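Enquirer: Following this line is target_1.csv, made up of CSV, C-alpha atoms:
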```
chain,number,residue,atom,x,y,z
A,1,MET,CA,120.5,107.7,84.7
A,2,SER,CA,118.2,108.6,81.8
A,3,VAL,CA,116.9,111.9,83.3
A,4,ALA,CA,119.1,114.2,85.4
A,5,GLY,CA,118.8,117.9,86.2
A,6,SER,CA,119.0,120.7,88.6
A,7,PHE,CA,116.4,123.5,88.9
A,8,ARG,CA,116.1,126.8,90.7
A,9,LEU,CA,113.0,129.0,90.4
A,10,THR,CA,111.7,131.9,92.5
A,11,ARG,CA,108.1,133.0,92.5
A,12,GLY,CA,107.3,135.5,95.1
A,13,SER,CA,108.0,133.9,98.5
A,14,PHE,CA,108.2,130.4,97.0
A,15,VAL,CA,111.6,129.0,96.0
A,16,LEU,CA,112.1,125.8,94.2
A,17,GLU,CA,115.6,124.2,94.5
A,18,ALA,CA,115.7,120.6,93.3
A,19,GLU,CA,118.1,118.1,91.9
A,20,LEU,CA,116.8,115.1,90.1
A,21,LYS,CA,118.4,111.7,89.0
A,22,LEU,CA,115.7,109.5,87.6
A,23,PRO,CA,115.8,105.8,86.4
A,24,GLU,CA,115.8,105.2,82.7
A,25,ARG,CA,112.4,103.4,82.9
A,26,GLY,CA,109.6,103.0,85.3
A,27,VAL,CA,107.4,105.5,87.1
A,28,THR,CA,108.8,108.1,89.4
A,29,ALA,CA,106.3,109.9,91.7
A,30,LEU,CA,106.8,113.5,92.6
A,31,PHE,CA,105.0,113.4,95.9
A,32,GLY,CA,104.3,116.0,98.6
A,33,ARG,CA,101.6,118.3,100.1
A,34,SER,CA,99.8,120.9,98.0
A,35,GLY,CA,102.2,123.8,97.5
A,36,SER,CA,105.3,121.7,97.8
A,37,GLY,CA,106.4,122.4,94.2
A,38,LYS,CA,105.4,119.1,92.4
A,39,THR,CA,103.7,120.6,89.4
A,40,THR,CA,106.2,123.5,89.2
A,41,LEU,CA,109.0,121.0,89.0
A,42,LEU,CA,107.1,119.0,86.3
A,43,ARG,CA,106.7,122.1,84.3
A,44,CYS,CA,110.4,122.8,84.6
A,45,LEU,CA,111.1,119.4,83.1
A,46,ALA,CA,108.7,120.2,80.2
A,47,GLY,CA,110.2,123.7,79.7
A,48,LEU,CA,106.9,125.3,80.5
A,49,GLU,CA,108.6,127.2,83.4
A,50,ARG,CA,111.7,129.3,82.9
A,51,SER,CA,114.2,128.2,85.6
A,52,GLU,CA,117.9,128.4,86.2
A,53,GLY,CA,119.7,125.1,86.0
A,54,TRP,CA,120.3,122.2,83.6
A,55,LEU,CA,118.5,119.1,82.2
A,56,THR,CA,119.6,116.1,80.2
A,57,VAL,CA,117.4,113.3,78.9
A,58,ASN,CA,118.9,110.2,77.3
A,59,GLY,CA,122.2,112.1,76.9
A,60,GLN,CA,120.5,115.0,75.1
A,61,ARG,CA,120.9,118.4,76.6
A,62,TRP,CA,117.5,120.0,77.0
A,63,GLN,CA,118.6,122.9,79.2
A,64,ALA,CA,121.9,124.5,80.2
A,65,PRO,CA,122.9,128.0,81.3
A,66,ASP,CA,123.6,128.9,77.6
A,67,HIS,CA,121.0,126.7,75.9
A,68,VAL,CA,117.3,126.0,76.3
A,69,LEU,CA,115.6,123.5,74.0
A,70,PRO,CA,112.1,124.9,73.1
A,71,VAL,CA,109.1,123.0,74.4
A,72,HIS,CA,108.0,122.1,70.9
A,73,ARG,CA,111.3,120.4,70.2
A,74,ARG,CA,111.4,118.3,73.3
A,75,PRO,CA,110.3,114.7,72.6
A,76,LEU,CA,108.0,114.5,75.6
A,77,GLY,CA,104.3,113.7,76.3
A,78,TYR,CA,102.4,115.7,78.8
A,79,VAL,CA,99.1,114.6,80.5
A,80,PHE,CA,97.3,117.3,82.3
A,81,GLN,CA,94.7,117.1,85.1
A,82,GLU,CA,92.0,117.8,82.5
A,83,ALA,CA,92.1,115.8,79.3
A,84,SER,CA,91.9,118.9,77.0
A,85,LEU,CA,90.8,116.9,74.0
A,86,PHE,CA,89.6,118.6,70.8
A,87,PRO,CA,85.8,118.6,71.2
A,88,HIS,CA,85.1,118.8,67.5
A,89,LEU,CA,87.2,115.7,66.7
A,90,ARG,CA,86.3,112.0,67.3
A,91,VAL,CA,88.6,110.0,69.5
A,92,ARG,CA,90.3,108.4,66.5
A,93,ASP,CA,91.2,111.9,65.1
A,94,ASN,CA,92.3,113.2,68.5
A,95,LEU,CA,94.7,110.3,68.7
A,96,ARG,CA,96.0,110.7,65.1
A,97,TYR,CA,96.6,114.5,65.6
A,98,GLY,CA,99.9,113.9,67.4
A,99,TYR,CA,100.6,110.6,65.7
A,100,ARG,CA,100.7,112.2,62.3
A,101,ARG,CA,103.2,114.9,63.4
A,102,VAL,CA,105.8,112.2,64.1
A,103,GLU,CA,107.8,111.0,61.1
A,104,PRO,CA,107.2,107.3,60.4
A,105,SER,CA,110.9,106.5,60.9
A,106,ARG,CA,110.8,108.1,64.4
A,107,ARG,CA,107.6,106.4,65.6
A,108,ARG,CA,108.3,104.3,68.7
A,109,VAL,CA,104.7,103.1,69.4
A,110,ASP,CA,102.1,101.5,67.3
A,111,PHE,CA,98.7,103.1,66.9
A,112,ASP,CA,96.6,99.9,67.2
A,113,GLU,CA,98.7,98.6,70.0
A,114,THR,CA,98.3,101.8,72.0
A,115,VAL,CA,94.5,101.8,71.4
A,116,LYS,CA,94.3,98.2,72.7
A,117,LEU,CA,96.6,98.9,75.7
A,118,LEU,CA,94.3,101.6,77.0
A,119,GLY,CA,91.1,99.8,76.0
A,120,LEU,CA,89.9,102.4,73.5
A,121,GLU,CA,88.7,100.1,70.7
A,122,ALA,CA,85.0,100.8,71.3
A,123,LEU,CA,85.5,104.5,71.7
A,124,LEU,CA,87.2,105.5,68.5
A,125,GLU,CA,84.1,106.9,66.8
A,126,ARG,CA,82.8,108.9,69.8
A,127,HIS,CA,83.3,112.6,70.5
A,128,PRO,CA,84.9,113.6,73.8
A,129,GLN,CA,81.6,114.9,75.3
A,130,ALA,CA,80.2,111.4,75.0
A,131,LEU,CA,83.0,109.9,77.2
A,132,SER,CA,83.2,109.5,81.0
A,133,GLY,CA,86.0,111.3,82.8
A,134,GLY,CA,88.1,108.2,83.1
A,135,GLN,CA,87.6,107.5,79.4
A,136,ARG,CA,88.7,111.0,78.4
A,137,GLN,CA,91.9,110.6,80.5
A,138,ARG,CA,92.7,107.3,78.8
A,139,VAL,CA,92.4,109.0,75.5
A,140,ALA,CA,94.6,111.8,76.7
A,141,ILE,CA,97.3,109.3,77.8
A,142,ALA,CA,97.1,107.5,74.5
A,143,ARG,CA,97.5,110.7,72.6
A,144,ALA,CA,100.6,111.6,74.6
A,145,LEU,CA,102.1,108.2,73.9
A,146,LEU,CA,101.4,108.3,70.2
A,147,ALA,CA,103.7,111.3,70.0
A,148,SER,CA,106.5,108.8,70.6
A,149,PRO,CA,108.0,110.6,73.6
A,150,ARG,CA,111.3,110.0,75.3
A,151,LEU,CA,109.8,111.2,78.6
A,152,LEU,CA,106.2,111.1,79.7
A,153,LEU,CA,105.0,113.7,82.3
A,154,MET,CA,101.7,113.2,84.1
A,155,ASP,CA,100.3,116.0,86.3
A,156,GLU,CA,97.8,114.4,88.7
A,157,PRO,CA,95.8,112.7,85.9
A,158,MET,CA,93.2,111.4,88.3
A,159,ALA,CA,92.7,114.6,90.4
A,160,SER,CA,89.5,115.6,88.7
A,161,LEU,CA,88.0,112.1,88.6
A,162,ASP,CA,85.4,110.7,91.0
A,163,ALA,CA,86.0,107.4,92.9
A,164,THR,CA,84.3,105.3,90.2
A,165,SER,CA,86.4,106.8,87.4
A,166,LYS,CA,89.6,106.4,89.4
A,167,ALA,CA,88.8,102.7,89.9
A,168,GLU,CA,88.2,102.4,86.1
A,169,ILE,CA,91.5,104.0,85.0
A,170,LEU,CA,93.9,102.5,87.6
A,171,PRO,CA,94.1,99.1,86.0
A,172,TYR,CA,95.0,100.7,82.7
A,173,LEU,CA,97.7,102.8,84.4
A,174,GLU,CA,99.1,99.6,86.0
A,175,ARG,CA,99.2,98.0,82.5
A,176,LEU,CA,100.9,101.0,81.1
A,177,HIS,CA,103.5,100.8,83.8
A,178,ALA,CA,104.5,97.3,82.8
A,179,TYR,CA,104.5,98.2,79.1
A,180,LEU,CA,106.5,101.4,78.8
A,181,GLU,CA,110.2,101.5,78.3
A,182,ILE,CA,110.6,105.2,78.9
A,183,PRO,CA,110.8,107.2,82.2
A,184,VAL,CA,107.4,108.4,83.5
A,185,VAL,CA,107.2,111.3,86.0
A,186,TYR,CA,103.9,111.2,87.9
A,187,VAL,CA,102.7,114.0,90.1
A,188,SER,CA,100.3,113.1,92.9
A,189,HIS,CA,99.5,113.8,96.5
A,190,ALA,CA,97.4,110.6,96.9
A,191,LEU,CA,99.5,107.9,98.6
A,192,ASP,CA,97.3,105.1,97.5
A,193,GLU,CA,97.9,106.0,93.8
A,194,VAL,CA,101.6,106.2,94.3
A,195,THR,CA,101.9,102.8,96.1
A,196,ARG,CA,100.1,101.1,93.2
A,197,LEU,CA,101.9,102.8,90.3
A,198,ALA,CA,105.4,104.1,91.2
A,199,ASP,CA,108.8,102.4,91.4
A,200,HIS,CA,110.8,105.5,92.5
A,201,MET,CA,109.8,108.5,94.5
A,202,VAL,CA,110.9,112.1,94.9
A,203,LEU,CA,109.5,113.5,98.1
A,204,LEU,CA,109.1,117.3,98.0
A,205,GLU,CA,108.6,119.8,100.9
A,206,ALA,CA,108.5,123.6,100.5
A,207,GLY,CA,110.3,123.4,97.1
A,208,GLN,CA,113.1,121.2,98.4
A,209,VAL,CA,113.8,117.5,97.8
A,210,LEU,CA,113.4,115.9,101.2
A,211,ALA,CA,114.3,112.4,100.0
A,212,ALA,CA,114.5,110.4,96.8
A,213,GLY,CA,114.9,106.7,96.1
A,214,PRO,CA,113.1,103.4,95.5
A,215,LEU,CA,109.5,103.7,96.6
A,216,HIS,CA,109.6,100.6,98.9
A,217,GLU,CA,112.5,102.2,100.8
A,218,LEU,CA,111.0,105.6,101.3
A,219,LEU,CA,107.6,104.4,102.4
A,220,VAL,CA,109.1,102.6,105.5
A,221,ARG,CA,111.7,105.1,106.6
A,222,SER,CA,110.9,106.3,110.1
A,223,ASP,CA,112.7,109.6,109.6
A,224,LEU,CA,110.2,110.6,106.8
A,225,PRO,CA,106.6,111.8,107.2
A,226,LEU,CA,105.3,109.0,104.9
A,227,SER,CA,105.6,106.4,107.6
A,228,HIS,CA,103.7,108.5,110.2
A,229,ALA,CA,100.8,109.5,108.0
A,230,ASP,CA,97.3,108.2,108.9
A,231,ASN,CA,97.4,106.0,105.8
A,232,ALA,CA,101.0,104.9,106.1
A,233,ALA,CA,101.6,101.8,104.1
A,234,ALA,CA,104.4,99.5,102.8
A,235,VAL,CA,104.4,97.6,99.5
A,236,LEU,CA,105.0,93.9,99.3
A,237,GLU,CA,106.2,92.5,95.9
A,238,THR,CA,104.7,89.0,95.3
A,239,ARG,CA,104.3,86.4,92.6
A,240,VAL,CA,101.2,84.4,91.7
A,241,GLU,CA,101.5,80.7,92.6
A,242,GLY,CA,98.0,79.6,91.6
A,243,TYR,CA,94.2,80.0,92.1
A,244,ASP,CA,91.8,78.2,94.3
A,245,ALA,CA,88.5,78.3,92.4
A,246,ASP,CA,86.5,76.8,95.3
A,247,ARG,CA,87.5,79.6,97.7
A,248,GLN,CA,88.0,82.2,95.0
A,249,LEU,CA,91.4,83.1,96.3
A,250,VAL,CA,94.7,83.7,94.6
A,251,ALA,CA,97.8,82.2,96.2
A,252,LEU,CA,100.9,84.5,96.3
A,253,THR,CA,104.4,84.0,97.4
A,254,CYS,CA,106.6,86.8,98.8
A,255,GLY,CA,109.7,85.0,99.9
A,256,ALA,CA,108.6,84.7,103.5
A,257,GLY,CA,105.6,82.5,103.0
A,258,ARG,CA,102.3,82.2,101.2
A,259,LEU,CA,99.5,84.7,101.1
A,260,TRP,CA,95.9,84.2,100.0
A,261,VAL,CA,94.2,87.2,98.4
A,262,SER,CA,90.6,87.6,97.2
A,263,ARG,CA,90.8,88.8,93.6
A,264,GLU,CA,90.3,87.6,90.1
A,265,ALA,CA,92.4,84.7,88.9
A,266,ALA,CA,95.9,85.6,87.6
A,267,SER,CA,98.5,83.7,85.6
A,268,PRO,CA,101.1,81.8,87.6
A,269,GLY,CA,104.4,83.7,87.8
A,270,LYS,CA,102.7,87.1,87.3
A,271,ARG,CA,104.1,89.8,89.7
A,272,LEU,CA,101.6,91.5,91.9
A,273,ARG,CA,102.2,94.4,94.3
A,274,LEU,CA,100.3,94.5,97.6
A,275,SER,CA,99.8,97.8,99.4
A,276,ILE,CA,99.6,97.0,103.2
A,277,ARG,CA,98.6,99.7,105.6
A,278,ALA,CA,100.5,100.0,109.0
A,279,SER,CA,97.1,100.0,110.8
A,280,ASP,CA,96.2,96.6,109.3
A,281,VAL,CA,99.3,94.7,110.5
A,282,VAL,CA,99.0,93.0,113.9
A,283,ILE,CA,102.0,91.7,115.7
A,284,SER,CA,101.9,88.4,117.7
A,285,LEU,CA,104.5,86.2,119.3
A,286,THR,CA,103.0,83.0,118.1
A,287,PRO,CA,101.1,82.1,114.9
A,288,PRO,CA,97.3,82.7,115.3
A,289,GLN,CA,95.0,79.7,116.1
A,290,ASP,CA,91.3,79.6,115.8
A,291,ALA,CA,91.2,83.1,114.4
A,292,SER,CA,89.6,84.7,111.3
A,293,VAL,CA,93.0,86.1,110.1
A,294,LEU,CA,93.9,84.3,106.8
A,295,ASN,CA,97.4,85.6,106.3
A,296,CYS,CA,100.3,85.5,108.7
A,297,LEU,CA,104.0,85.8,107.9
A,298,PRO,CA,107.1,85.3,110.1
A,299,ALA,CA,108.9,88.5,110.7
A,300,GLN,CA,111.7,90.2,112.6
A,301,VAL,CA,111.4,93.5,114.5
A,302,ALA,CA,113.8,95.9,112.7
A,303,GLU,CA,113.1,99.1,114.5
A,304,ILE,CA,110.6,100.6,117.0
A,305,SER,CA,110.1,104.4,116.9
A,306,ASP,CA,107.7,107.0,118.2
A,307,ASP,CA,104.6,107.8,116.3
A,308,PRO,CA,102.6,111.1,116.3
A,309,HIS,CA,99.4,109.2,116.9
A,310,PRO,CA,98.8,109.4,120.7
A,311,GLY,CA,99.6,106.2,122.6
A,312,HIS,CA,101.1,104.4,119.6
A,313,LEU,CA,104.5,103.3,118.3
A,314,LEU,CA,105.6,102.5,114.8
A,315,VAL,CA,107.3,99.1,114.3
A,316,ARG,CA,109.3,98.2,111.2
A,317,LEU,CA,109.2,94.5,110.4
A,318,ALA,CA,111.6,92.6,108.2
A,319,VAL,CA,109.7,90.0,106.1
A,320,ALA,CA,112.4,88.0,104.3
A,321,GLU,CA,114.1,90.8,102.2
A,322,GLN,CA,111.1,93.2,102.4
A,323,MET,CA,109.7,95.5,105.0
A,324,LEU,CA,106.3,96.1,106.6
A,325,LEU,CA,105.1,98.7,109.0
A,326,SER,CA,102.8,98.2,112.0
A,327,ARG,CA,101.3,100.9,114.1
A,328,ILE,CA,100.5,99.4,117.5
A,329,PRO,CA,99.5,100.8,121.0
A,330,ARG,CA,102.4,101.4,123.3
A,331,GLU,CA,100.7,99.2,125.9
A,332,ALA,CA,100.8,96.3,123.4
A,333,SER,CA,104.5,96.8,122.7
A,334,GLN,CA,105.2,96.7,126.5
A,335,ARG,CA,103.1,93.7,127.0
A,336,LEU,CA,104.8,91.8,124.2
A,337,ALA,CA,108.2,93.2,125.3
A,338,LEU,CA,109.1,94.0,121.7
A,339,HIS,CA,112.7,94.8,120.9
A,340,PRO,CA,114.8,95.0,117.7
A,341,GLY,CA,115.9,91.6,116.5
A,342,GLN,CA,113.0,89.8,118.0
A,343,GLN,CA,111.2,87.1,116.0
A,344,VAL,CA,107.5,87.7,115.7
A,345,TYR,CA,104.5,87.1,113.4
A,346,ALA,CA,102.8,89.7,111.2
A,347,GLN,CA,99.1,89.1,110.9
A,348,LEU,CA,97.6,90.8,107.9
A,349,ARG,CA,94.0,91.8,108.2
A,350,GLY,CA,91.9,90.9,105.1
A,351,LYS,CA,91.4,94.5,104.0
A,352,ALA,CA,95.1,95.1,104.2
A,353,LEU,CA,95.8,93.3,101.0
A,354,SER,CA,94.9,95.5,98.0
```
Can you give me the file's structure in the form of structure tokens?
Expert:
Amino acid sequence: MSVAGSFRLTRGSFVLEAELKLPERGVTALFGRSGSGKTTLLRCLAGLERSEGWLTVNGQRWQAPDHVLPVHRRPLGYVFQEASLFPHLRVRDNLRYGYRRVEPSRRRVDFDETVKLLGLEALLERHPQALSGGQRQRVAIARALLASPRLLLMDEPMASLDATSKAEILPYLERLHAYLEIPVVYVSHALDEVTRLADHMVLLEAGQVLAAGPLHELLVRSDLPLSHADNAAAVLETRVEGYDADRQLVALTCGAGRLWVSREAASPGKRLRLSIRASDVVISLTPPQDASVLNCLPAQVAEISDDPHPGHLLVRLAVAEQMLLSRIPREASQRLALHPGQQVYAQLRGKALS
């Protein structure tokens, strides 16, 4: 593990007690309701909050009972909810501010490559006030990366953005996810963001770690609140097979069969992640015929559990080596006589594939 630590902090009636073991690369989401301790825990990682406990990053001791590495000596990048750029400096100079502070021999990222990665080429001569919210956040992320951090911390970087700006910045964050070779800790309470960006999740509740592990596992656990939320979803990892230009559909494979998705052409072999809501998965005993449903995968019922939505059940479906969720009426489950181990078909509504 690249990042490991244990923290305890008391602030009035709120108590944070959390242990972390994070992968050496990829995005870990700190997820939970408002007030669960996500940002407090992130600030403990940065050293911005004084807490009891310990922290090591890449084998380097950042905190111990007898030792605390000051914030300015921690090789980390921090992206806040607001971009907080220097208003009197152009984008180029905002980026170079942190870049110049790193000795050339210790630089781990290239200036021009980072600018290209976040699509900032045309913005370098502008001042922050001439940028959109999404553009400012892209500059803030690039500035954090150019400090050559060993750990990148992101505190709800899209919380202050409108829907249009979020749609603009998400592809860049996805690109960043594939590019970075350092651990990223991403705070969010938006499940759609997390399912698109994260590999690992730490689920917080009232200052405690409720669960931690690979994202795809936690999303479908029936003993966790994630699977019972209104927007409960599973992620399906796929690879691009090809593109049908006439129908403007991308062909994907997920191990259980082929899926067709309406999106821009992508290179064969490229990995794509689909977020599929439980409310968009229909269960049938036979493959659909004469129906508008484009995608259907063979599946096996893994588990049937109660759901807080009145009159509904939650069904976990094994699709090859992956899992889907389906929220269905109790009446439908009785009519189909569903039971664990049963072979069924998962019909995916068109809007389910995003």
Enquirer: I'd like the neighbourhood of range 72-88 of chain A as a PyMOL selection string, where a residue qualifies if any of its atoms comes within 7 Å (using all atoms listed in the file), though same-chain residues fewer than 2 positions away should be ignored.
Expert: chain A and resi 69-70+90+94+127-129+136-137+140-141+144-145+147+149-160
Enquirer: Considering all atoms listed in the file, state which residue in the set A:Gly47, A:Glu264, A:Asn58, A:Arg327 is at the smallest distance from Ser222 in chain A.
Expert: A:Arg327
Enquirer: Which is closest to Glu303 in chain A among A:Pro340, A:Gly98, A:Gly269, A:Pro329, if we use all atoms listed in the file?
Expert: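 The shortest atom-to-atom distance to Glu303 in chain A comes from A:Pro340.
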Enquirer: Using only C-alpha atoms, which of the listed residues (A:Gln60, A:Ser262, A:Ser267, A:Gln342) sits closest to Val240 in chain A?
Expert: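 Ranking A:Gln60, A:Ser262, A:Ser267, A:Gln342 by distance to Val240 in chain A, first place goes to A:Ser267.
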Enquirer: Excluding same-chain residues fewer than 2 positions from Ser275 in chain A, what lies within 12 Å of it counting all atoms listed in the file, as a PyMOL selection string?
Expert: chain A and resi 191-198+215-216+219+231-238+272-273+277-281+323-325+348+350-354
Enquirer: Counting all atoms listed in the file, which residue out of A:Ser51, A:Ser132, A:Ser34, A:Thr10 sits closest to Thr164 in chain A?
Expert: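 Smallest separation from Thr164 in chain A among the options: A:Ser132.
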Enquirer: So how many Å separate CA of Leu161 in chain A and CA of Cys44 in chain A, to one decimal?
Expert: 25.1 Å
Enquirer: Work out how far apart CA of Glu241 in chain A and CA of Arg263 in chain A are and give it in Å to one decimal.
Expert: 13.5 Å
Enquirer: Please identify all polymer residues within 10 Å of Leu180 in chain A, counting all atoms listed in the file, omitting same-chain residues fewer than 5 positions from it, and present them as a PyMOL selection string.
Expert: chain A and resi 25-27+109+145+152+175
